$ cat entry-v4.cif   # mmCIF, C-alpha atoms and all ligand atoms; chains and numbers go by the auth columns
data_structure
loop_
_atom_site.group_PDB
_atom_site.id
_atom_site.type_symbol
_atom_site.label_atom_id
_atom_site.label_comp_id
_atom_site.label_asym_id
_atom_site.label_seq_id
_atom_site.Cartn_x
_atom_site.Cartn_y
_atom_site.Cartn_z
_atom_site.B_iso_or_equiv
_atom_site.auth_seq_id
_atom_site.auth_asym_id
ATOM 1 C CA MET A 1 -74.112 19.811 -29.745 0.00 1 A
ATOM 2 C CA TYR A 2 -72.508 23.191 -29.172 0.00 2 A
ATOM 3 C CA ASP A 3 -73.270 24.305 -25.645 0.00 3 A
ATOM 4 C CA GLY A 4 -72.135 26.737 -23.004 0.00 4 A
ATOM 5 C CA GLN A 5 -69.005 24.742 -22.227 0.00 5 A
ATOM 6 C CA ASP A 6 -68.049 24.798 -25.912 0.00 6 A
ATOM 7 C CA PHE A 7 -68.614 28.555 -25.965 0.00 7 A
ATOM 8 C CA LEU A 8 -66.337 29.044 -22.973 0.00 8 A
ATOM 9 C CA ARG A 9 -63.646 26.785 -24.446 0.00 9 A
ATOM 10 C CA ASP A 10 -63.791 28.526 -27.828 0.00 10 A
ATOM 11 C CA ASN A 11 -63.684 31.964 -26.290 0.00 11 A
ATOM 12 C CA ARG A 12 -61.233 31.422 -23.458 0.00 12 A
ATOM 13 C CA TRP A 13 -58.530 33.460 -25.201 0.00 13 A
ATOM 14 C CA CYS A 14 -60.639 36.576 -25.591 0.00 14 A
ATOM 15 C CA LEU A 15 -62.105 36.300 -22.135 0.00 15 A
ATOM 16 C CA SER A 16 -58.519 36.390 -20.937 0.00 16 A
ATOM 17 C CA ARG A 17 -57.970 39.389 -23.166 0.00 17 A
ATOM 18 C CA ARG A 18 -60.630 41.288 -21.270 0.00 18 A
ATOM 19 C CA ALA A 19 -58.941 40.507 -17.992 0.00 19 A
ATOM 20 C CA LEU A 20 -55.577 41.637 -19.343 0.00 20 A
ATOM 21 C CA LEU A 21 -56.930 44.850 -20.794 0.00 21 A
ATOM 22 C CA THR A 22 -58.303 45.879 -17.435 0.00 22 A
ATOM 23 C CA GLY A 23 -54.887 45.333 -15.864 0.00 23 A
ATOM 24 C CA ALA A 24 -51.788 47.466 -15.755 0.00 24 A
ATOM 25 C CA GLY A 25 -50.247 45.937 -18.881 0.00 25 A
ATOM 26 C CA ALA A 26 -53.065 46.960 -21.161 0.00 26 A
ATOM 27 C CA VAL A 27 -51.006 48.844 -23.717 0.00 27 A
ATOM 28 C CA GLY A 28 -48.534 46.049 -24.396 0.00 28 A
ATOM 29 C CA ALA A 29 -51.109 43.311 -24.230 0.00 29 A
ATOM 30 C CA ALA A 30 -53.408 44.970 -26.742 0.00 30 A
ATOM 31 C CA GLY A 31 -50.958 44.438 -29.574 0.00 31 A
ATOM 32 C CA LEU A 32 -50.412 40.807 -28.702 0.00 32 A
ATOM 33 C CA LEU A 33 -54.103 40.108 -28.696 0.00 33 A
ATOM 34 C CA SER A 34 -55.084 41.747 -31.929 0.00 34 A
ATOM 35 C CA ALA A 35 -56.104 38.369 -33.349 0.00 35 A
ATOM 36 C CA CYS A 36 -59.419 38.736 -31.581 0.00 36 A
ATOM 37 C CA GLY A 37 -62.145 40.607 -33.405 0.00 37 A
ATOM 38 C CA ALA A 38 -64.084 43.700 -32.562 0.00 38 A
ATOM 39 C CA GLY A 39 -66.423 41.722 -30.340 0.00 39 A
ATOM 40 C CA ASP A 40 -65.666 39.747 -27.244 0.00 40 A
ATOM 41 C CA THR A 41 -64.670 36.573 -29.046 0.00 41 A
ATOM 42 C CA PRO A 42 -62.373 35.584 -31.866 0.00 42 A
ATOM 43 C CA ALA A 43 -63.674 36.638 -35.227 0.00 43 A
ATOM 44 C CA GLY A 44 -62.758 35.757 -38.742 0.00 44 A
ATOM 45 C CA GLY A 45 -63.133 32.020 -38.437 0.00 45 A
ATOM 46 C CA ALA A 46 -64.046 30.050 -41.467 0.00 46 A
ATOM 47 C CA ALA A 47 -60.450 29.972 -42.620 0.00 47 A
ATOM 48 C CA ALA A 48 -60.607 26.390 -43.850 0.00 48 A
ATOM 49 C CA THR A 49 -59.608 25.937 -47.460 0.00 49 A
ATOM 50 C CA ALA A 50 -61.403 23.877 -50.086 0.00 50 A
ATOM 51 C CA GLY A 51 -61.133 20.192 -49.391 0.00 51 A
ATOM 52 C CA THR A 52 -60.661 20.599 -45.647 0.00 52 A
ATOM 53 C CA VAL A 53 -62.702 18.135 -43.619 0.00 53 A
ATOM 54 C CA LEU A 54 -64.852 20.280 -41.341 0.00 54 A
ATOM 55 C CA ALA A 55 -66.691 17.527 -39.509 0.00 55 A
ATOM 56 C CA ARG A 56 -67.983 13.980 -39.812 0.00 56 A
ATOM 57 C CA THR A 57 -71.629 13.471 -40.557 0.00 57 A
ATOM 58 C CA GLY A 58 -72.070 11.666 -37.248 0.00 58 A
ATOM 59 C CA ASP A 59 -70.770 14.710 -35.371 0.00 59 A
ATOM 60 C CA VAL A 60 -73.627 16.925 -36.544 0.00 60 A
ATOM 61 C CA PRO A 61 -76.980 16.028 -35.002 0.00 61 A
ATOM 62 C CA VAL A 62 -80.174 16.405 -37.010 0.00 62 A
ATOM 63 C CA GLY A 63 -81.582 19.795 -36.055 0.00 63 A
ATOM 64 C CA GLY A 64 -78.288 20.790 -34.450 0.00 64 A
ATOM 65 C CA GLY A 65 -74.778 21.676 -35.396 0.00 65 A
ATOM 66 C CA THR A 66 -71.171 21.962 -34.379 0.00 66 A
ATOM 67 C CA VAL A 67 -68.590 24.734 -34.648 0.00 67 A
ATOM 68 C CA VAL A 68 -65.202 23.760 -36.045 0.00 68 A
ATOM 69 C CA ASP A 69 -62.486 26.341 -36.665 0.00 69 A
ATOM 70 C CA GLY A 70 -64.996 29.152 -36.924 0.00 70 A
ATOM 71 C CA VAL A 71 -67.362 27.244 -39.196 0.00 71 A
ATOM 72 C CA LEU A 72 -70.817 26.272 -37.959 0.00 72 A
ATOM 73 C CA VAL A 73 -71.883 23.041 -39.673 0.00 73 A
ATOM 74 C CA VAL A 74 -75.593 22.305 -39.310 0.00 74 A
ATOM 75 C CA GLN A 75 -77.945 19.539 -40.336 0.00 75 A
ATOM 76 C CA PRO A 76 -81.381 21.180 -40.444 0.00 76 A
ATOM 77 C CA GLU A 77 -82.925 18.054 -41.994 0.00 77 A
ATOM 78 C CA ALA A 78 -81.624 14.509 -41.993 0.00 78 A
ATOM 79 C CA GLY A 79 -78.921 14.206 -44.644 0.00 79 A
ATOM 80 C CA THR A 80 -78.802 17.930 -45.474 0.00 80 A
ATOM 81 C CA PHE A 81 -75.618 19.649 -44.344 0.00 81 A
ATOM 82 C CA THR A 82 -75.002 23.373 -44.546 0.00 82 A
ATOM 83 C CA ALA A 83 -72.259 25.529 -43.117 0.00 83 A
ATOM 84 C CA TYR A 84 -71.918 29.150 -42.120 0.00 84 A
ATOM 85 C CA ASP A 85 -69.164 31.393 -40.946 0.00 85 A
ATOM 86 C CA ALA A 86 -69.853 31.254 -37.196 0.00 86 A
ATOM 87 C CA THR A 87 -68.954 34.921 -36.824 0.00 87 A
ATOM 88 C CA CYS A 88 -72.007 36.995 -35.975 0.00 88 A
ATOM 89 C CA PRO A 89 -72.368 39.851 -38.466 0.00 89 A
ATOM 90 C CA HIS A 90 -73.319 42.218 -35.654 0.00 90 A
ATOM 91 C CA GLN A 91 -70.094 42.486 -33.656 0.00 91 A
ATOM 92 C CA GLY A 92 -68.216 39.330 -34.449 0.00 92 A
ATOM 93 C CA VAL A 93 -69.114 37.055 -31.552 0.00 93 A
ATOM 94 C CA ARG A 94 -69.244 33.357 -32.347 0.00 94 A
ATOM 95 C CA VAL A 95 -72.773 32.014 -32.717 0.00 95 A
ATOM 96 C CA GLY A 96 -73.873 28.723 -31.222 0.00 96 A
ATOM 97 C CA ALA A 97 -75.442 25.604 -32.679 0.00 97 A
ATOM 98 C CA PRO A 98 -79.110 25.857 -33.657 0.00 98 A
ATOM 99 C CA ARG A 99 -82.010 24.913 -31.453 0.00 99 A
ATOM 100 C CA ASP A 100 -85.404 24.339 -33.009 0.00 100 A
ATOM 101 C CA GLY A 101 -84.065 25.605 -36.324 0.00 101 A
ATOM 102 C CA VAL A 102 -82.741 28.871 -34.913 0.00 102 A
ATOM 103 C CA ILE A 103 -79.093 29.894 -34.506 0.00 103 A
ATOM 104 C CA THR A 104 -78.629 32.414 -31.710 0.00 104 A
ATOM 105 C CA CYS A 105 -75.738 34.724 -30.982 0.00 105 A
ATOM 106 C CA PRO A 106 -75.011 34.664 -27.242 0.00 106 A
ATOM 107 C CA ALA A 107 -73.871 38.276 -27.132 0.00 107 A
ATOM 108 C CA HIS A 108 -76.977 40.265 -28.068 0.00 108 A
ATOM 109 C CA ASN A 109 -79.401 37.550 -29.166 0.00 109 A
ATOM 110 C CA SER A 110 -79.421 38.049 -32.900 0.00 110 A
ATOM 111 C CA THR A 111 -81.137 35.042 -34.421 0.00 111 A
ATOM 112 C CA PHE A 112 -80.651 33.310 -37.762 0.00 112 A
ATOM 113 C CA SER A 113 -82.353 30.530 -39.661 0.00 113 A
ATOM 114 C CA ALA A 114 -80.497 27.220 -39.569 0.00 114 A
ATOM 115 C CA GLY A 115 -81.922 26.451 -42.997 0.00 115 A
ATOM 116 C CA ASP A 116 -80.394 29.330 -44.915 0.00 116 A
ATOM 117 C CA GLY A 117 -78.593 31.555 -42.398 0.00 117 A
ATOM 118 C CA ALA A 118 -81.054 34.413 -42.911 0.00 118 A
ATOM 119 C CA ARG A 119 -81.411 36.986 -40.176 0.00 119 A
ATOM 120 C CA LEU A 120 -84.539 36.414 -38.106 0.00 120 A
ATOM 121 C CA GLY A 121 -84.139 39.080 -35.434 0.00 121 A
ATOM 122 C CA GLY A 122 -81.859 41.046 -33.152 0.00 122 A
ATOM 123 C CA PRO A 123 -79.333 43.782 -33.870 0.00 123 A
ATOM 124 C CA ALA A 124 -77.520 42.024 -36.725 0.00 124 A
ATOM 125 C CA THR A 125 -78.495 43.642 -40.014 0.00 125 A
ATOM 126 C CA ARG A 126 -77.798 40.649 -42.248 0.00 126 A
ATOM 127 C CA GLY A 127 -77.686 36.883 -42.124 0.00 127 A
ATOM 128 C CA LEU A 128 -74.786 34.524 -41.659 0.00 128 A
ATOM 129 C CA THR A 129 -72.364 33.961 -44.503 0.00 129 A
ATOM 130 C CA GLU A 130 -72.840 30.535 -46.031 0.00 130 A
ATOM 131 C CA ILE A 131 -69.784 28.410 -46.627 0.00 131 A
ATOM 132 C CA PRO A 132 -70.097 25.835 -49.406 0.00 132 A
ATOM 133 C CA VAL A 133 -69.673 22.248 -48.295 0.00 133 A
ATOM 134 C CA ARG A 134 -69.911 18.824 -49.850 0.00 134 A
ATOM 135 C CA VAL A 135 -70.304 15.407 -48.315 0.00 135 A
ATOM 136 C CA ASP A 136 -67.976 12.567 -49.263 0.00 136 A
ATOM 137 C CA GLY A 137 -68.890 9.417 -47.396 0.00 137 A
ATOM 138 C CA THR A 138 -68.943 10.480 -43.768 0.00 138 A
ATOM 139 C CA ASP A 139 -66.756 13.545 -44.346 0.00 139 A
ATOM 140 C CA ILE A 140 -68.203 17.039 -44.602 0.00 140 A
ATOM 141 C CA LEU A 141 -65.684 19.029 -46.578 0.00 141 A
ATOM 142 C CA ARG A 142 -65.388 22.659 -47.481 0.00 142 A
ATOM 143 C CA ALA A 143 -66.206 22.804 -51.204 0.00 143 A
HETATM 144 S S1 LIG B . -72.435 40.127 -31.681 0.00 201 A
HETATM 145 FE FE1 LIG B . -74.036 38.802 -32.212 0.00 201 A
HETATM 146 S S2 LIG B . -75.814 39.895 -31.719 0.00 201 A
HETATM 147 FE FE2 LIG B . -74.233 41.234 -31.202 0.00 201 A
#
$ encode --input "entry-v4.cif" --output "structure tokens" --more "lines below"
Ligand code: FES
Amino acid sequence: MYDGQDFLRDNRWCLSRRALLTGAGAVGAAGLLSACGAGDTPAGGAAATAGTVLARTGDVPVGGGTVVDGVLVVQPEAGTFTAYDATCPHQGVRVGAPRDGVITCPAHNSTFSAGDGARLGGPATRGLTEIPVRVDGTDILRA
């Protein structure tokens, strides 16, 4: 289950970016840190290519999910696996695993359906981008 500790681990680099940008070396550091997106956390995940194993079926709890390399893999119903680009369409912050069927962005509380990624509320103006996956045995692969 993706939780606050996972969020901090995944976003450690950009949190450090903020600290650097408030320091004296802001100009030089900004260029080095351009890999981070417009938001406070890395954006543009979901870089896995077709055939890449994203997760194992046992790693994705029913009703929950896990974020791997910018891809949020969810299992809204037992045996049904779906994946989304974990980048929030509002300002690029990484969303967390769903709770009670709802995926929430920790930055400004946009919410999305775990079933189809549709926007449910908040400042995001569209839903999450679905990433095609297939299951082969216990592997969940990018299709
Ligand atoms: S970045 Fe996700 S709601 Fe603002």
$ resolve_selection --input "entry-v4.cif" --expression "the PyMOL selection byres (((chain A and resi 77) around 10) and not hetatm)" --output "list of chain:residue names"
A:Pro61, A:Val62, A:Gly63, A:Gly64, A:Val74, A:Gln75, A:Pro76, A:Ala78, A:Gly79, A:Thr80, A:Phe81, A:Thr82, A:Gly101, A:Ala114, A:Gly115
$ write_last_selection --input "entry-v4.cif" --atoms "C-alpha atoms" --output "PDB file, in the frame of the given file"
ATOM      1  CA  PRO A  61     -76.980  16.028 -35.002  1.00  0.00           C
ATOM      2  CA  VAL A  62     -80.174  16.405 -37.010  1.00  0.00           C
ATOM      3  CA  GLY A  63     -81.582  19.795 -36.055  1.00  0.00           C
ATOM      4  CA  GLY A  64     -78.288  20.790 -34.450  1.00  0.00           C
ATOM      5  CA  VAL A  74     -75.593  22.305 -39.310  1.00  0.00           C
ATOM      6  CA  GLN A  75     -77.945  19.539 -40.336  1.00  0.00           C
ATOM      7  CA  PRO A  76     -81.381  21.180 -40.444  1.00  0.00           C
ATOM      8  CA  ALA A  78     -81.624  14.509 -41.993  1.00  0.00           C
ATOM      9  CA  GLY A  79     -78.921  14.206 -44.644  1.00  0.00           C
ATOM     10  CA  THR A  80     -78.802  17.930 -45.474  1.00  0.00           C
ATOM     11  CA  PHE A  81     -75.618  19.649 -44.344  1.00  0.00           C
ATOM     12  CA  THR A  82     -75.002  23.373 -44.546  1.00  0.00           C
ATOM     13  CA  GLY A 101     -84.065  25.605 -36.324  1.00  0.00           C
ATOM     14  CA  ALA A 114     -80.497  27.220 -39.569  1.00  0.00           C
ATOM     15  CA  GLY A 115     -81.922  26.451 -42.997  1.00  0.00           C
TER      16      GLY A 115
END
$ residues_near_point --input "entry-v4.cif" --point "(-74.2, 29.1, -48.0)" --cutoff "9 Å" --atoms "all atoms listed in the file" --output "mmCIF file with C-alpha atoms, keeping the file's coordinate frame"
data_model
loop_
_atom_site.group_PDB
_atom_site.id
_atom_site.type_symbol
_atom_site.label_atom_id
_atom_site.label_comp_id
_atom_site.auth_asym_id
_atom_site.auth_seq_id
_atom_site.Cartn_x
_atom_site.Cartn_y
_atom_site.Cartn_z
ATOM 1 C CA THR A 82 -75.002 23.373 -44.546
ATOM 2 C CA ALA A 83 -72.259 25.529 -43.117
ATOM 3 C CA TYR A 84 -71.918 29.150 -42.120
ATOM 4 C CA ASP A 85 -69.164 31.393 -40.946
ATOM 5 C CA ASP A 116 -80.394 29.330 -44.915
ATOM 6 C CA GLY A 117 -78.593 31.555 -42.398
ATOM 7 C CA LEU A 128 -74.786 34.524 -41.659
ATOM 8 C CA THR A 129 -72.364 33.961 -44.503
ATOM 9 C CA GLU A 130 -72.840 30.535 -46.031
ATOM 10 C CA ILE A 131 -69.784 28.410 -46.627
ATOM 11 C CA PRO A 132 -70.097 25.835 -49.406
ATOM 12 C CA VAL A 133 -69.673 22.248 -48.295
#
$ residues_near_ligand --input "entry-v4.cif" --ligand "ligand LIG 201 (chain A)" --cutoff "12 Å" --atoms "all atoms listed in the file" --output "ChimeraX atom specification"
/A:37-43,86-96,103-112,119-128
$ write_last_selection --input "entry-v4.cif" --atoms "C-alpha atoms" --output "tab-separated table (two decimals), keeping the file's coordinate frame"
chain	number	residue	atom	x	y	z
A	37	GLY	CA	-62.14	40.61	-33.40
A	38	ALA	CA	-64.08	43.70	-32.56
A	39	GLY	CA	-66.42	41.72	-30.34
A	40	ASP	CA	-65.67	39.75	-27.24
A	41	THR	CA	-64.67	36.57	-29.05
A	42	PRO	CA	-62.37	35.58	-31.87
A	43	ALA	CA	-63.67	36.64	-35.23
A	86	ALA	CA	-69.85	31.25	-37.20
A	87	THR	CA	-68.95	34.92	-36.82
A	88	CYS	CA	-72.01	36.99	-35.98
A	89	PRO	CA	-72.37	39.85	-38.47
A	90	HIS	CA	-73.32	42.22	-35.65
A	91	GLN	CA	-70.09	42.49	-33.66
A	92	GLY	CA	-68.22	39.33	-34.45
A	93	VAL	CA	-69.11	37.06	-31.55
A	94	ARG	CA	-69.24	33.36	-32.35
A	95	VAL	CA	-72.77	32.01	-32.72
A	96	GLY	CA	-73.87	28.72	-31.22
A	103	ILE	CA	-79.09	29.89	-34.51
A	104	THR	CA	-78.63	32.41	-31.71
A	105	CYS	CA	-75.74	34.72	-30.98
A	106	PRO	CA	-75.01	34.66	-27.24
A	107	ALA	CA	-73.87	38.28	-27.13
A	108	HIS	CA	-76.98	40.26	-28.07
A	109	ASN	CA	-79.40	37.55	-29.17
A	110	SER	CA	-79.42	38.05	-32.90
A	111	THR	CA	-81.14	35.04	-34.42
A	112	PHE	CA	-80.65	33.31	-37.76
A	119	ARG	CA	-81.41	36.99	-40.18
A	120	LEU	CA	-84.54	36.41	-38.11
A	121	GLY	CA	-84.14	39.08	-35.43
A	122	GLY	CA	-81.86	41.05	-33.15
A	123	PRO	CA	-79.33	43.78	-33.87
A	124	ALA	CA	-77.52	42.02	-36.72
A	125	THR	CA	-78.50	43.64	-40.01
A	126	ARG	CA	-77.80	40.65	-42.25
A	127	GLY	CA	-77.69	36.88	-42.12
A	128	LEU	CA	-74.79	34.52	-41.66
$ closest_residue --input "entry-v4.cif" --among "A:Val102, A:Ala48, A:Val53, A:Ala97" --to "Thr66 of chain A" --atoms "only C-alpha atoms"
A:Ala97
$ atom_distance --input "entry-v4.cif" --atom1 "atom CA of Asp136 of chain A" --atom2 "atom CA of Leu72 of chain A"
18.0 Å
$ atom_distance --input "entry-v4.cif" --atom1 "atom CA of Val71 of chain A" --atom2 "atom CA of Leu54 of chain A"
7.7 Å
